[in-house]
Amino acid sequence: MMDRRCGQPETRPAGLRKRRNGFFREMAGNRVLYLMMVPTILFLIINNYLPMLGLSIAFLDFRPAKGIFGSKFAGFENFKYFFSTPDFINITKNTVLYNAAYILLDIALAAICAIALNEMRRKAAKKIFQSFMLMPFFLSWVVVNYIFFSFLSMDRGFLNNTVMTWLGRDPVAWYRETKYWPFILIFAQVWRYTGYNTVLLYSGLMGIDEQLYEAAVIDGASKIKQIRYITLPLLSPVMIAMFLMLVGRIFYADFGLHYQVTNNSGALYPVTDVLDTYVYRALRQMNNISMASAAGFYQAVVGMLIVVFANQAVRRVDPEKSLF
Amino acid sequence: MKGKQVKLSEINQISRPADMIIKLVFTAVVGATCIYPLLMVIGSSLTDNMEILRHGYNIVPRVVSFEAYKYVLFKSGKLLRSYGVTILTTAVGTFLGVLMMSMYAYPISRKDLKYRKFFSLFAYVTFVFSGGLVPFYFVYSRLLDLTNNLWVMIMPYLVDVWYIVILRTFFAGAVPPDIIQAAKIDGAGELRIFFSIVTRMAIPGIATVALFTTLKYWNDFQLPLYFIEDSKKFNIQYMLYRIMANMEFLAQDTHSVRLSGILPVESARMAMCVLGTGPMLIAYPFFQKYFIKGLTMGAVKG
């Protein structure tokens with residue numbers, strides 16, 4: 001790869017300028033290209049690298065007015081505080097278990113839909129279904145909340161007003177009953193992302209060589225057998241890569257889903273609260289910076305370890321898709 | 001040979017009854033989960049407010065009324081204003097963001113750039129290490145002092161490293177190095193090569209990233225949730241959120257005293273919902289071609 005550099009037109013005799021063939025020459029020679037990168041470099045420093053240093057807030061008795069350097073060092077006090085609350089186990093459990101459910105259902109459903117779409121007879125039909133399935137992906141979580149609210153609202157919701165009346169049941173206070181929420185959240189997540197994931201996997205199917213199926217037909221393989229022995233094996237690397245990439249993010253929850261769709265209802269926190277919503281509430285609603293920063297630090301460190309492990313796993317399966 | 005191939009793939013189709021069953025299942029599920037809820041929102045927005053209070057939300061309006069839209073579009077300055085904020089932040093953010101990300105992705109896609117590995121890593125590191133919400137919040141609210149500033153709804157989303165990866169793949173795949181070499185020999189500068197050759201050849205990639213970025217800005221409620229308290233600077237999603245949390249928020253308007261009595265709260269909410277989503281759903285079919293193409297290409301690391 002490096003020797004490609006020599007392929008550039010050399011205007012000067014090679015031996016003469018050899019000494020300057022380093023950093024400055026590269027910078028001068030490609031200055032326009034490097035200058036083009038400056039805005040994003042500055043952005044990443046401010047938006048990503050500075051907050052990494054800001055994680056140190058977790059070890060301080062942080063007072064925003066005094067700043068990082070003015071605040072007193074607190075050692076592990078914030079962590080003691082956070083790890084001693086019962087919330088810590090609950091939000092960790094919720095974050096990981098919800099994400100695990102989302103990942104498994106998302107991939108399974110997307111695979112089924114993609115294969116079904118692939119076998120469907122008319123091209124126009126495939127296109128139409130794809131378009132409509134993707135629709136929820138284009139709605140904001142706020143709008144999703146409105147849609148769910150129009151079903152679940154206590155006095156005006158479709159379920160209580162229409163469905164429950166048909167069934168002859170009493171209305172349910174959906175936003176207060178914790179037992180329904182694991183299902184509602186999982187439904188909302190799967191509903192929003194299945195179309196998107198289906199498109200991803202479906203386009204993976206498009207790459208399968210038609211000749212494989214032709215050979216199978218000649219050998220007398222049925223459709224089911226073709227799916228079992230050609231489609232699925234060829235789709236599985238994509239599914240595994242997708243799985244591992246999602247597992248890498250298992251410690252990061254979907255804030256919009258868990259904050260909006262639950263209507264941020266306090267009665268539901270035991271079953272809906274996840275790390276991201278917890279940190280947000282600690283920081284902005286309870287003004288408890290030490291709690292928020294300790295929880296945030298915990299999420300950042302564990303999250304980082306999981307990303308690294310997942311990436312190593314991705315590299316084993318498909319080096320092309322690993323990040324580093 | 002070719003004729004035979006076509007014939008085989010025609011033979012190798014699922015039977016018509018099986019095809020019918022799959023299509024019926026898809027129609028039922030997609031219809032019930034993707035189309036029905038949307039129609040219910042639209043139906044409710046066109047229903048007379050008193051009807052909703054009496055019978056709840058429904059897909060077919062029992063009493064049709066355009067009051068909600070009249071109220072949202074003409075009577076409430078607040079709502080229209082939030083629409084303007086969204087359009088402004090989306091337009092500025094998408095333009096600047098796509099420009100910045102392309103200008104970063106292109107150099108690191110060039111195999112003849114000596115430090116491209118370093119700068120790729122400089123961006124990719126952010127996948128692994130992140131500061132989380134707390135430091136992020138203090139950087140924007142304290143260090144940059146952007147609370148209640150419109151820029152705070154633009155800046156944080158300008159660059160997404162995923163999209164840099166997608167763009168890099170596109171630039172590396174869609175633009176042959178020979179073309180860049182030839183343009184150089186013809187005396188074109190790097191900027192000219194980038195803007196008049198490279199960006200044009202990578203249009204599907206840029207369009208995909210632009211669509212995703214537009215969607216992110218348009219649908220965002222988090223940045224105003226963190227940083228904006230001045231109701232004049234709410235964007236539409238955050239306005240919708242506030243109305244959901246507190247219906248009376250809608251009534252705290254300039255003409256609140258006069259209007260509060262006849263406020264079509266329930267239907268106006270749904271009308272806002274329609275207006276807040278409409279542009280994205282209308283734009284989507286035009287983007288779809290690029291969207292699907294971009295999704296599949298970007299997934300592969302170049």
# chains A, B, ... in the order shown; residues from 1 in each chain; ligands from 1
$ interface_residues --of "chain A" --to "chain B" --cutoff "6 Å" --atoms "only C-alpha atoms" --output "compact mmCIF listing (two decimals) with C-alpha atoms, in the first residue's frame"
# COMPACT_ATOMS: atom_id res chain seq x y z
CA ARG A 5 2.88 6.68 -3.06
CA LEU A 33 -6.60 17.48 1.42
CA MET A 36 -10.43 19.83 4.08
CA MET A 37 -10.36 17.66 7.18
CA THR A 40 -14.33 17.69 11.30
CA PRO A 51 -16.24 14.69 26.82
CA MET A 52 -13.90 11.69 27.17
CA GLY A 54 -14.90 15.04 31.06
CA LEU A 55 -15.51 11.54 32.36
CA MET A 120 -42.56 -13.27 -3.48
CA SER A 140 -39.81 10.34 15.38
CA ARG A 156 -59.58 8.37 24.79
CA GLY A 157 -57.46 5.43 23.63
CA PHE A 158 -58.62 3.05 20.95
CA SER A 293 -21.66 11.11 36.38
CA GLY A 296 -22.44 7.62 33.04
CA MET A 304 -16.34 0.27 25.82
CA GLU A 320 -14.05 -6.79 6.37
CA LYS A 321 -16.69 -5.64 8.83
$ atom_distance --atom1 "atom CA of Pro86 of chain A" --atom2 "atom CA of Met286 of chain A"
16.9 Å
$ select_by_dssp --residues "segment 118-279 of chain A" --states "alpha helix (DSSP H)" --output "JSON, numbers by chain"
{"A": [118, 119, 123, 124, 125, 126, 127, 128, 129, 130, 131, 132, 133, 134, 141, 142, 143, 144, 145, 146, 147, 148, 149, 150, 151, 152, 158, 164, 165, 166, 167, 181, 182, 183, 184, 185, 186, 187, 188, 189, 190, 191, 192, 193, 194, 195, 196, 197, 198, 199, 200, 201, 202, 203, 204, 205, 206, 210, 211, 212, 213, 214, 215, 216, 217, 218, 223, 224, 225, 226, 232, 233, 234, 235, 236, 237, 238, 239, 240, 241, 242, 243, 244, 245, 246, 247, 248, 255, 256, 269, 270, 271, 272, 275, 276, 277, 278, 279]}
$ write_last_selection --atoms "C-alpha atoms" --output "mmCIF file, in the first residue's frame"
data_model
loop_
_atom_site.group_PDB
_atom_site.id
_atom_site.type_symbol
_atom_site.label_atom_id
_atom_site.label_comp_id
_atom_site.auth_asym_id
_atom_site.auth_seq_id
_atom_site.Cartn_x
_atom_site.Cartn_y
_atom_site.Cartn_z
ATOM 1 C CA ASN A 118 -37.282 -12.652 -1.809
ATOM 2 C CA GLU A 119 -39.610 -15.508 -2.719
ATOM 3 C CA LYS A 123 -41.318 -7.242 -8.263
ATOM 4 C CA ALA A 124 -43.869 -4.484 -7.799
ATOM 5 C CA ALA A 125 -45.329 -6.270 -4.767
ATOM 6 C CA LYS A 126 -41.881 -6.570 -3.183
ATOM 7 C CA LYS A 127 -41.297 -2.858 -3.655
ATOM 8 C CA ILE A 128 -44.635 -1.858 -2.159
ATOM 9 C CA PHE A 129 -44.211 -4.027 0.932
ATOM 10 C CA GLN A 130 -40.675 -2.745 1.438
ATOM 11 C CA SER A 131 -41.833 0.852 1.278
ATOM 12 C CA PHE A 132 -44.641 0.412 3.776
ATOM 13 C CA MET A 133 -42.535 -1.649 6.150
ATOM 14 C CA LEU A 134 -39.916 1.083 6.282
ATOM 15 C CA TRP A 141 -40.134 8.748 18.813
ATOM 16 C CA VAL A 142 -42.365 11.643 19.804
ATOM 17 C CA VAL A 143 -44.783 10.799 17.017
ATOM 18 C CA VAL A 144 -44.522 7.109 17.906
ATOM 19 C CA ASN A 145 -45.529 8.092 21.408
ATOM 20 C CA TYR A 146 -48.583 9.892 20.008
ATOM 21 C CA ILE A 147 -49.536 6.825 18.019
ATOM 22 C CA PHE A 148 -49.169 4.535 21.010
ATOM 23 C CA PHE A 149 -50.990 7.047 23.165
ATOM 24 C CA SER A 150 -53.913 7.063 20.772
ATOM 25 C CA PHE A 151 -54.207 3.319 21.453
ATOM 26 C CA LEU A 152 -53.307 3.215 25.134
ATOM 27 C CA PHE A 158 -58.625 3.049 20.947
ATOM 28 C CA MET A 164 -62.061 -3.466 25.444
ATOM 29 C CA THR A 165 -65.705 -2.576 24.925
ATOM 30 C CA TRP A 166 -66.043 -5.230 22.227
ATOM 31 C CA LEU A 167 -64.394 -7.780 24.472
ATOM 32 C CA TRP A 181 -44.656 -2.815 29.449
ATOM 33 C CA PRO A 182 -41.984 -5.335 28.538
ATOM 34 C CA PHE A 183 -44.317 -6.439 25.736
ATOM 35 C CA ILE A 184 -45.276 -2.934 24.671
ATOM 36 C CA LEU A 185 -41.657 -1.767 24.530
ATOM 37 C CA ILE A 186 -40.502 -4.822 22.638
ATOM 38 C CA PHE A 187 -43.397 -4.444 20.239
ATOM 39 C CA ALA A 188 -42.596 -0.766 19.678
ATOM 40 C CA GLN A 189 -38.930 -1.441 19.041
ATOM 41 C CA VAL A 190 -39.535 -4.343 16.684
ATOM 42 C CA TRP A 191 -42.272 -2.405 14.924
ATOM 43 C CA ARG A 192 -39.992 0.540 14.277
ATOM 44 C CA TYR A 193 -36.906 -1.330 13.103
ATOM 45 C CA THR A 194 -38.110 -4.499 11.355
ATOM 46 C CA GLY A 195 -38.603 -2.764 8.027
ATOM 47 C CA TYR A 196 -35.155 -1.248 8.183
ATOM 48 C CA ASN A 197 -33.449 -4.511 9.142
ATOM 49 C CA THR A 198 -35.411 -6.372 6.494
ATOM 50 C CA VAL A 199 -34.110 -4.039 3.810
ATOM 51 C CA LEU A 200 -30.561 -4.649 5.048
ATOM 52 C CA LEU A 201 -30.868 -8.424 4.936
ATOM 53 C CA TYR A 202 -32.913 -8.439 1.748
ATOM 54 C CA SER A 203 -30.175 -6.580 -0.068
ATOM 55 C CA GLY A 204 -27.760 -9.212 1.232
ATOM 56 C CA LEU A 205 -29.947 -11.814 -0.506
ATOM 57 C CA MET A 206 -29.753 -9.924 -3.774
ATOM 58 C CA GLU A 210 -28.579 -17.144 -9.289
ATOM 59 C CA GLN A 211 -26.652 -20.133 -10.625
ATOM 60 C CA LEU A 212 -26.652 -21.778 -7.207
ATOM 61 C CA TYR A 213 -30.429 -21.977 -7.319
ATOM 62 C CA GLU A 214 -30.382 -23.207 -10.878
ATOM 63 C CA ALA A 215 -28.042 -26.034 -9.975
ATOM 64 C CA ALA A 216 -30.352 -26.875 -7.077
ATOM 65 C CA VAL A 217 -33.389 -26.980 -9.372
ATOM 66 C CA ILE A 218 -31.599 -29.316 -11.749
ATOM 67 C CA LYS A 223 -38.031 -24.432 -2.490
ATOM 68 C CA ILE A 224 -37.830 -25.287 1.195
ATOM 69 C CA LYS A 225 -34.615 -27.187 0.645
ATOM 70 C CA GLN A 226 -33.164 -24.315 -1.376
ATOM 71 C CA LEU A 232 -29.832 -19.415 4.985
ATOM 72 C CA PRO A 233 -26.163 -20.443 4.922
ATOM 73 C CA LEU A 234 -25.344 -17.519 2.632
ATOM 74 C CA LEU A 235 -27.370 -15.079 4.716
ATOM 75 C CA SER A 236 -25.921 -16.170 8.030
ATOM 76 C CA PRO A 237 -22.601 -14.256 7.802
ATOM 77 C CA VAL A 238 -24.585 -11.027 7.350
ATOM 78 C CA MET A 239 -26.837 -11.984 10.249
ATOM 79 C CA ILE A 240 -23.895 -12.830 12.490
ATOM 80 C CA ALA A 241 -22.126 -9.570 11.678
ATOM 81 C CA MET A 242 -25.351 -7.680 12.382
ATOM 82 C CA PHE A 243 -25.808 -9.604 15.620
ATOM 83 C CA LEU A 244 -22.319 -8.845 16.867
ATOM 84 C CA MET A 245 -22.531 -5.196 15.931
ATOM 85 C CA LEU A 246 -25.765 -4.870 17.876
ATOM 86 C CA VAL A 247 -24.330 -6.816 20.816
ATOM 87 C CA GLY A 248 -21.488 -4.290 20.875
ATOM 88 C CA PHE A 255 -33.310 6.792 24.881
ATOM 89 C CA GLY A 256 -36.155 7.845 22.605
ATOM 90 C CA TYR A 269 -39.755 3.047 36.021
ATOM 91 C CA PRO A 270 -39.153 -0.350 37.665
ATOM 92 C CA VAL A 271 -39.716 -2.120 34.344
ATOM 93 C CA THR A 272 -38.832 0.567 31.794
ATOM 94 C CA LEU A 275 -29.120 3.483 31.865
ATOM 95 C CA ASP A 276 -29.680 6.296 29.393
ATOM 96 C CA THR A 277 -32.977 7.467 30.860
ATOM 97 C CA TYR A 278 -31.588 7.121 34.372
ATOM 98 C CA VAL A 279 -28.538 9.282 33.631
#
$ atom_distance --atom1 "atom CA of Ile41 of chain A" --atom2 "atom CA of Phe118 of chain B"
11.9 Å
$ atom_distance --atom1 "atom CA of Asp178 of chain B" --atom2 "atom CA of Arg200 of chain B"
15.9 Å
$ closest_residue --among "A:Ala116, A:Val96, A:Ile46, A:Ile107" --to "Ile21 of chain B" --atoms "only C-alpha atoms"
A:Ala116
$ closest_residue --among "A:Ala313, A:Val32, A:Phe73, A:Tyr229" --to "Ile193 of chain B" --atoms "only C-alpha atoms"
A:Val32
$ residues_around --residues "Asn287 of chain A" --least-positions-apart "3" --cutoff "12 Å" --atoms "only C-alpha atoms" --output "ChimeraX atom specification"
/A:62-64,278-284,290-293 /B:134
$ write_last_selection --atoms "N, CA and C atoms" --output "mmCIF file, in the first residue's frame"
data_model
loop_
_atom_site.group_PDB
_atom_site.id
_atom_site.type_symbol
_atom_site.label_atom_id
_atom_site.label_comp_id
_atom_site.auth_asym_id
_atom_site.auth_seq_id
_atom_site.Cartn_x
_atom_site.Cartn_y
_atom_site.Cartn_z
ATOM 1 N N PHE A 62 -18.359 17.548 41.750
ATOM 2 C CA PHE A 62 -18.397 18.538 40.675
ATOM 3 C C PHE A 62 -19.384 19.664 40.945
ATOM 4 N N ARG A 63 -18.899 20.888 40.867
ATOM 5 C CA ARG A 63 -19.754 22.072 40.932
ATOM 6 C C ARG A 63 -19.618 22.792 39.590
ATOM 7 N N PRO A 64 -20.680 22.828 38.796
ATOM 8 C CA PRO A 64 -20.563 23.407 37.451
ATOM 9 C C PRO A 64 -19.987 24.822 37.479
ATOM 10 N N TYR A 278 -31.971 6.885 32.975
ATOM 11 C CA TYR A 278 -31.588 7.121 34.372
ATOM 12 C C TYR A 278 -30.578 8.260 34.473
ATOM 13 N N VAL A 279 -29.552 8.223 33.615
ATOM 14 C CA VAL A 279 -28.538 9.282 33.631
ATOM 15 C C VAL A 279 -29.192 10.616 33.307
ATOM 16 N N TYR A 280 -30.059 10.611 32.325
ATOM 17 C CA TYR A 280 -30.729 11.868 31.958
ATOM 18 C C TYR A 280 -31.525 12.433 33.135
ATOM 19 N N ARG A 281 -32.316 11.577 33.769
ATOM 20 C CA ARG A 281 -33.141 12.086 34.873
ATOM 21 C C ARG A 281 -32.294 12.562 36.042
ATOM 22 N N ALA A 282 -31.227 11.804 36.338
ATOM 23 C CA ALA A 282 -30.353 12.209 37.438
ATOM 24 C C ALA A 282 -29.741 13.575 37.147
ATOM 25 N N LEU A 283 -29.354 13.787 35.905
ATOM 26 C CA LEU A 283 -28.674 15.033 35.551
ATOM 27 C C LEU A 283 -29.626 16.215 35.451
ATOM 28 N N ARG A 284 -30.731 16.021 34.696
ATOM 29 C CA ARG A 284 -31.542 17.179 34.337
ATOM 30 C C ARG A 284 -32.782 17.342 35.203
ATOM 31 N N SER A 290 -23.494 14.006 40.833
ATOM 32 C CA SER A 290 -22.582 12.924 41.211
ATOM 33 C C SER A 290 -23.172 11.568 40.817
ATOM 34 N N MET A 291 -24.466 11.410 41.022
ATOM 35 C CA MET A 291 -25.123 10.165 40.628
ATOM 36 C C MET A 291 -25.060 9.991 39.112
ATOM 37 N N ALA A 292 -25.393 11.049 38.391
ATOM 38 C CA ALA A 292 -25.413 10.969 36.933
ATOM 39 C C ALA A 292 -24.023 10.654 36.389
ATOM 40 N N SER A 293 -22.994 11.316 36.938
ATOM 41 C CA SER A 293 -21.660 11.113 36.377
ATOM 42 C C SER A 293 -21.134 9.722 36.715
ATOM 43 N N VAL B 134 -23.243 13.151 30.521
ATOM 44 C CA VAL B 134 -22.911 14.193 31.504
ATOM 45 C C VAL B 134 -21.832 15.159 30.990
#
$ select_by_dssp --residues "segment 17-255 of chain A" --states "strand (DSSP E)" --output "PyMOL selection string"
chain A and resi 60-61+72-73
$ write_last_selection --atoms "N, CA and C atoms" --output "mmCIF file, in the first residue's frame"
data_model
loop_
_atom_site.group_PDB
_atom_site.id
_atom_site.type_symbol
_atom_site.label_atom_id
_atom_site.label_comp_id
_atom_site.auth_asym_id
_atom_site.auth_seq_id
_atom_site.Cartn_x
_atom_site.Cartn_y
_atom_site.Cartn_z
ATOM 1 N N LEU A 60 -15.032 13.635 40.905
ATOM 2 C CA LEU A 60 -15.002 14.937 41.569
ATOM 3 C C LEU A 60 -16.314 15.197 42.293
ATOM 4 N N ASP A 61 -16.216 16.106 43.244
ATOM 5 C CA ASP A 61 -17.439 16.661 43.809
ATOM 6 C C ASP A 61 -17.761 17.850 42.909
ATOM 7 N N LYS A 72 -13.636 19.911 43.939
ATOM 8 C CA LYS A 72 -12.802 19.078 44.826
ATOM 9 C C LYS A 72 -12.798 17.629 44.379
ATOM 10 N N PHE A 73 -11.647 16.972 44.608
ATOM 11 C CA PHE A 73 -11.505 15.555 44.300
ATOM 12 C C PHE A 73 -12.325 14.731 45.304
#
